[in-house]
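Student: What follows is a single structure, and I will ask about it in a moment.
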Amino acid sequence: MAAFAPLTSGDPEQIGRYRLAARLGQGGMGRVYLARSPSGRMVAVKVVRASLADDAGFRQRFVREVAAASQVAGFFTAAVVDADAEGRPAWLATEYIPGLSLGDAVAEHGAWPERAVRQLGAALAEALGAVHRAGVVHRDLKPSNVLLAADGPRLIDFGISLAAEDTVLTETGVAIGTPGFIPPEQLRGEKAGPAADVFALGAVLAYTAAGTRPFGNGAGHAVNYRVVHEEPDLGGLSSALAEVTARCLAKDPEQRPAIPELLQELGHVPDGPLTEDHWLPGPVAAAIARVRATPLPGASGPAAEGGATPEAASEPSPVTASPEVEIVDKSAAESAASGGRNRSLTRRRLLTGLSATAVLGLGTTAALLNGFGRPEEPEKPGSAPKLKQLWSRSLSGGLSLDVVANSAVYLSSDDQGTLLALDARNGGRRWQRRATGSGTVITSVSGGTLYYGSGDYLYAADPDSGETRWKDKDYTLHMAPITVGDAAYARFQTFFFVRDANTGEPLWKYEVGAGEDIVVADGTVYAHGGQVLHAVDTGTGKERWTHEADSTAVTRPVVARGMVHFGSRDGTLYAVDARTGTESWRRGFTGKLWDPRIADGAVDPVVAGEVVYFANNAYVSAFDAGTGEPLWRHSPTAEEVDTLSVTAGTVHFTDSTGTLYALDARTGRPKWTEDLMSVGDGRPHIVDGTFYFEDGDRLRAVSVVA
C-alpha cells in the first residue's frame with residue numbers, strides 16, 4: 001500500500017526545484033522521496049546514493065540511460081519528468097500516481113483470474129515495446145516493478161538497472177535483477193537483450209496467475225540454478241495461458257515470442273484507458289481506491305491528484321511512518337527476559353485491534369502499557385552505537401565472504417578459484433588454496449569438515465589446512481552438508497542425502513518434498529517439504545513423525561529447549577514438540593496486523609533464554625518460548641529484514657540497505673541504528689556479537705562496544 005515515512009534531519013529539504021515532503025522508499029540505487037514541484041504537482045524523486053554517483057563510469061551510464069528513458073513514451077510506463085544526472089547528488093523525477101505494486105497485490109489478495117492476467121500481460125507487453133523502441137532494455141522486470149493504478153498498470157524503473165553495470169555493485173558479485181526473474185542467458189554471463197524482458201514478463205504472468213513463482217522460492221543460488229537447468233512450474237495456469245507463458249520462459253532467447261506476437265496472443269488492450277471494473281480483480285480495485293483516498297504529505301489534495309510512484313512499488317516503503325513498539329505485557333516481557341516464569345493470566349494486557357499501520361509522530365516510539373491502551377510518553381532512540389572495527393581486509397581478486405565458523409572466516413573467489421581462510425580475531429591469513437573448477441564457493445563448515453563446490457564436484461576438506469579429503473561429482477549442485485559424527489547430511493530439492501563423512505560414500509537418502517534447509521539435532525533430521533515438517537531418525541532412516549502447517553515453511557527449523565520453531569509464508573511462528581511432533585503453539589499476524597510485506601519475508605527464529613525472537617519484513621517480535629505469549633512487537637521502518645541475532649540483551653537486525661538496527665531485548669524499544677555496509681554487499685555474518693561483512697571492496701569485522 002502507499003505509505004509515507006517522515007523526513008529526518010539527514011534528508012535534504014529540496015532537490016533541484018522540488019521540495020521534499022516525505023520518504024517513499026529506499027533500495028540499491030538510492031532513496032526515493034515524495035516531492036512537490038513549484039506548480040504544486042506531486043512527483044517521485046529518486047536520489048542516487050553517493051557511493052554510486054561518485055563512480056565516474058556509473059555517472060556516464062546514468063546520463064545515457066536517463067536520456068534514453070526520457071524518450072520512452074507509452075501509456076503503461078511511468079514518465080520521467082525531470083533529471084539532473086550531473087548533479088550532486090544525481091537524481092531523476094517521475095510522475096507520481098497512487099497505486100499498489102503487483103507483488104503486494106498478489107501477496108495480499110491472491111492469484112488473478114485469467115482475463116485479468118491477460119489484460120495485465122498485454123499492457124506490460126505494450127510498455128516493453130515502448131521501452132525497447134527507445135533503445136532500452138529493462139533488465140529488472142518483477143512484480144514489485146509493476147505499479148497498479150485504476151486506469152492500468154505502470155512499468156517502472158526502466159533504463160536504470162543497466163546504469164549500475166560494472167560499478168561497485170557488480171564488482172562485488174551482485175547480479176542485476178531478482179532471482180526467478182533473471183533470464184538464463186544473463187545468469188550465464190551472456191548478453192541480455194529485449195528477449196530477457198520477455199522472459200521476465202513470462203515469470204511475472206505465471207506469478208500473477210498462480211500466486212507462486214514459476215521457479216520456486218528459497219536461496220537465490222538455488223532459484224537461479226532452477227532457472228538455468230529446470231522447467232518452470234506452470235501447474236496453476238490454464239492450458240492456453242500456460243502455453244504462451246512457457247514460450248516466454250524458453251531457455252533459448254531465440255525461441256521466445258517477440259512483443260507484437262505476444263500482444264496478438266494475449267489480446268490487445270482495449271482502445272482508451274482501462275477501468276477498474278474492466279481489468280482489476282475486485283479486492284485489488286478496492287485496495288487501490290483506498291490508496292487514492294489517502295492524503296499526501298505536502299499536497300493540497302487527495303492522492304488521486306498525483307501520478308505514478310515507481311519507487312513506492314519497486315522498493316517497498318515502510319508501513320508505519322516511524323518505528324513502533326507494542327508492549328503486550330510489560331511484566332511478562334521483563335520476567336521472560338530474566339528467566340522468570342510468573343505469568344498470571346490476570347496480569348495479561350493483550351492489546352487487541354491495534355492497527356499495524358497506525359502513523360506515529362516523527363521520531364517517536366509508542367509503548368502501550370495497560371489495558372486501556374494509554375500510550376507512554378514518546379521515547380526517542382538512545383545514543384548512537386559505539387562500533388569498534390576489529391580489522392578489515394581488501395577483497396581483491398573477486399573474493400567474497402562465504403562462512404564464519406571455528407574462529408575462522410572463509411572466503412572464495414569464483415573468478416580465480418581461490419579458497420582463503422582468515423583468523424576471525426585479527427584477519428590474519430591461515431591458509432590459501434586454488435581450486436581447479438569454475439563456480440568455486442565454500443558452502444558450509446560443519447563437524448570438522450569444510451565443504452566447497454568447484455566445477456562439477458563437491459569437495460570435503462580439512463578446515464584447518466584446506467587439504468582435500470574426498471570429492472564427489474554433484475554436477476554443480478554444490479550442496480551445504482551438515483556433519484554430525486561420521487555422517488554428512490545434505491539437502492537437494494525433494495530429498496536429503498546421507499553420506500559417510502570420512503569417505504563421501506552414499507549411505508541412504510530420504511524423500512521429504514520440495515524445500516531448502518535441514519537441521520540435525522539429538523539423533524533426528526528435521527526437514528521441511530512444503531507445509532510438512534518431517535522428523536527422521538538418523539540411525540534408522542525411518543520417519544518419527546510429521547507436522548503439517550497451514551502455510552509453506554520459509555525458514556529453517558530451529559531446535560531449542562525441546563521445541564522446533566519455524567516460520568511460514570503467511571507470517572506464522574510455530575512451536576512443535578521435538579519428541580512427538582505435537583504442535584505446542586502458533587502465533588500469526590491476522591486482521592489489522594496483516595501486512596503484505598509479511599509474505600515470504602520471515603528470517604530464522606532465534607531462541608535466547610526463555611524467549612523466541614522472530615522477524616519478517618513487517619515486524620520484529622518476541623514471544624514466550626514456553627507458552628507463545630506475545631511479549632512485544634516492533635514495526636521497523638526497514639524495507640526488508642535480512643538477519644536477526646540476539647546478543648547481550650540486544651536484538652540486532654539488518655535490512656536490505658545495509659543498515660544495522662538495535663532493539664532492547666527486554667522491551668523491544670529502539671536503541672540505535674547505524675549504516676553498516678554498502679547496499680548490495682550481501683548479508684552480514686553474526687557470530688558471538690561480532691559482525692563480519694563486505695563493505696564495497698573490503699571485508700570488515702566489527703563489534704558493538706557497550
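The way I read the labels, and the way they are meant: chains A, B, ... in the order of the C-alpha cells, residue 1 as the first residue of every chain, and ligand 1 as the first ligand shown, with later ones counted on from there.
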Would you list the contacts of segment 616-631 of chain A as number ranges by chain, taking every protein, DNA or RNA residue within 6 Å and counting only C-alpha atoms, but skipping same-chain residues closer than 2 positions in sequence?
Tutor: A: 328-329, 333, 597-598, 601-602, 610-614, 633-635, 640-641
Student: Near segment 514-525 of chain A, counting only C-alpha atoms, which residues have an atom at most 9 Å away, once you skip same-chain residues fewer than 4 positions from it, shown as number ranges by chain?
Tutor: A: 217-219, 222, 482-484, 489-496, 529-530, 534-539, 544, 553-559
Student: To one decimal in Å, tell me the separation between atom CA of His528 of chain A and atom CA of Ala210 of chain A.
Tutor: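 Answer for the atom CA of His528 of chain A to atom CA of Ala210 of chain A separation: 21.7 Å.
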Student: Please identify all polymer residues within 6 Å of segment 62-76 of chain A, counting only C-alpha atoms, omitting same-chain residues fewer than 3 positions from it, and present them as a compact mmCIF listing (two decimals) with C-alpha atoms, in the first residue's frame.
Tutor:
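See around30.txt below for the written result:
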# COMPACT_ATOMS: atom_id res chain seq x y z
CA PHE A 58 28.29 5.00 -13.39
CA ARG A 59 27.68 8.70 -13.99
CA VAL A 80 10.50 10.61 -16.41
CA ALA A 85 22.40 13.21 -13.89
CA ALA A 127 5.00 -0.96 -22.17
CA ALA A 130 7.79 1.41 -25.83
CA VAL A 131 10.89 0.81 -23.71
CA ALA A 134 13.75 3.87 -27.05
CA PRO A 153 -0.54 -0.90 -14.80
CA ARG A 154 2.65 1.14 -14.98
CA GLY A 159 16.59 2.02 -18.08
CA ALA A 163 23.47 2.06 -15.38
Student: Residues at most 7 Å from segment 123-126 of chain A, counting only C-alpha atoms, excluding those fewer than 6 positions away in the same chain, as an NGL selection string?
Tutor: :A and (76 or 153 or 155 or 259 or 262-263 or 269)
Student: Using DSSP on the backbone, list every residue of segment 101-254 of chain A that comes out as strand (DSSP E), and give them as a list in words.
Tutor: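 Of segment 101-254 of chain A, the ones in strand (DSSP E) are Ser101, Val146, Leu147, Leu148, Ala149, Gly152, Pro153, Arg154 and Leu155 of chain A.
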Student: Between A:Phe693, A:Thr208, A:Asp402, A:Lys471, which residue has the minimum interatomic distance to Glu505 of chain A, considering only C-alpha atoms?
Tutor: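 Counting only C-alpha atoms, the residue closest to Glu505 of chain A is A:Lys471.
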Student: State, in Å with one decimal place, the distance from atom CA of Ala258 of chain A to atom CA of Ala195 of chain A.
Tutor: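 Atom CA of Ala195 of chain A lies 7.4 Å from atom CA of Ala258 of chain A.
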Student: Quick one: residues within 10 Å of segment 223-233 of chain A, only C-alpha atoms counted, chain neighbours fewer than 5 positions away excluded, as a PyMOL selection string?
Tutor: chain A and resi 178-188+203+206+210+212-218+242+245-246+249-251+476-477
Student: With only C-alpha atoms as the atoms that count, which of A:Ser438, A:Leu234, A:Arg561, A:Phe589 lies nearest to Leu573 of chain A?
Tutor: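 Using only C-alpha atoms, Leu573 of chain A sits closest to A:Phe589.
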Student: Using only C-alpha atoms, which residues sit within 9 Å of Pro194 of chain A once same-chain residues fewer than 5 positions away are excluded, as a list of chain:residue names?
Tutor: A:Leu128, A:His132, A:Val136, A:Val137, A:His138, A:Arg139, A:Ala258
Student: If we count only C-alpha atoms and set the cut-off at 10 Å, which residues sit around Asn406 of chain A, ignoring sequence neighbours fewer than 5 positions away in its own chain? Please answer as a PyMOL selection string.
Tutor: chain A and resi 423-424+445-448+463-464
Student: When distances are computed from only C-alpha atoms, which of A:Pro253, A:Gly220, A:Gly689, A:Pro281 shows the smallest separation from Ala150 of chain A?
Tutor: A:Pro281
Student: Looking only at helix (DSSP H, G or I) from DSSP on the backbone, list the matching residues of segment 41-209 of chain A as a VMD selection string.
Tutor: chain A and resid 50 to 53 56 to 69 102 to 109 114 to 133 143 to 145 161 to 164 168 to 171 184 to 187 194 to 209
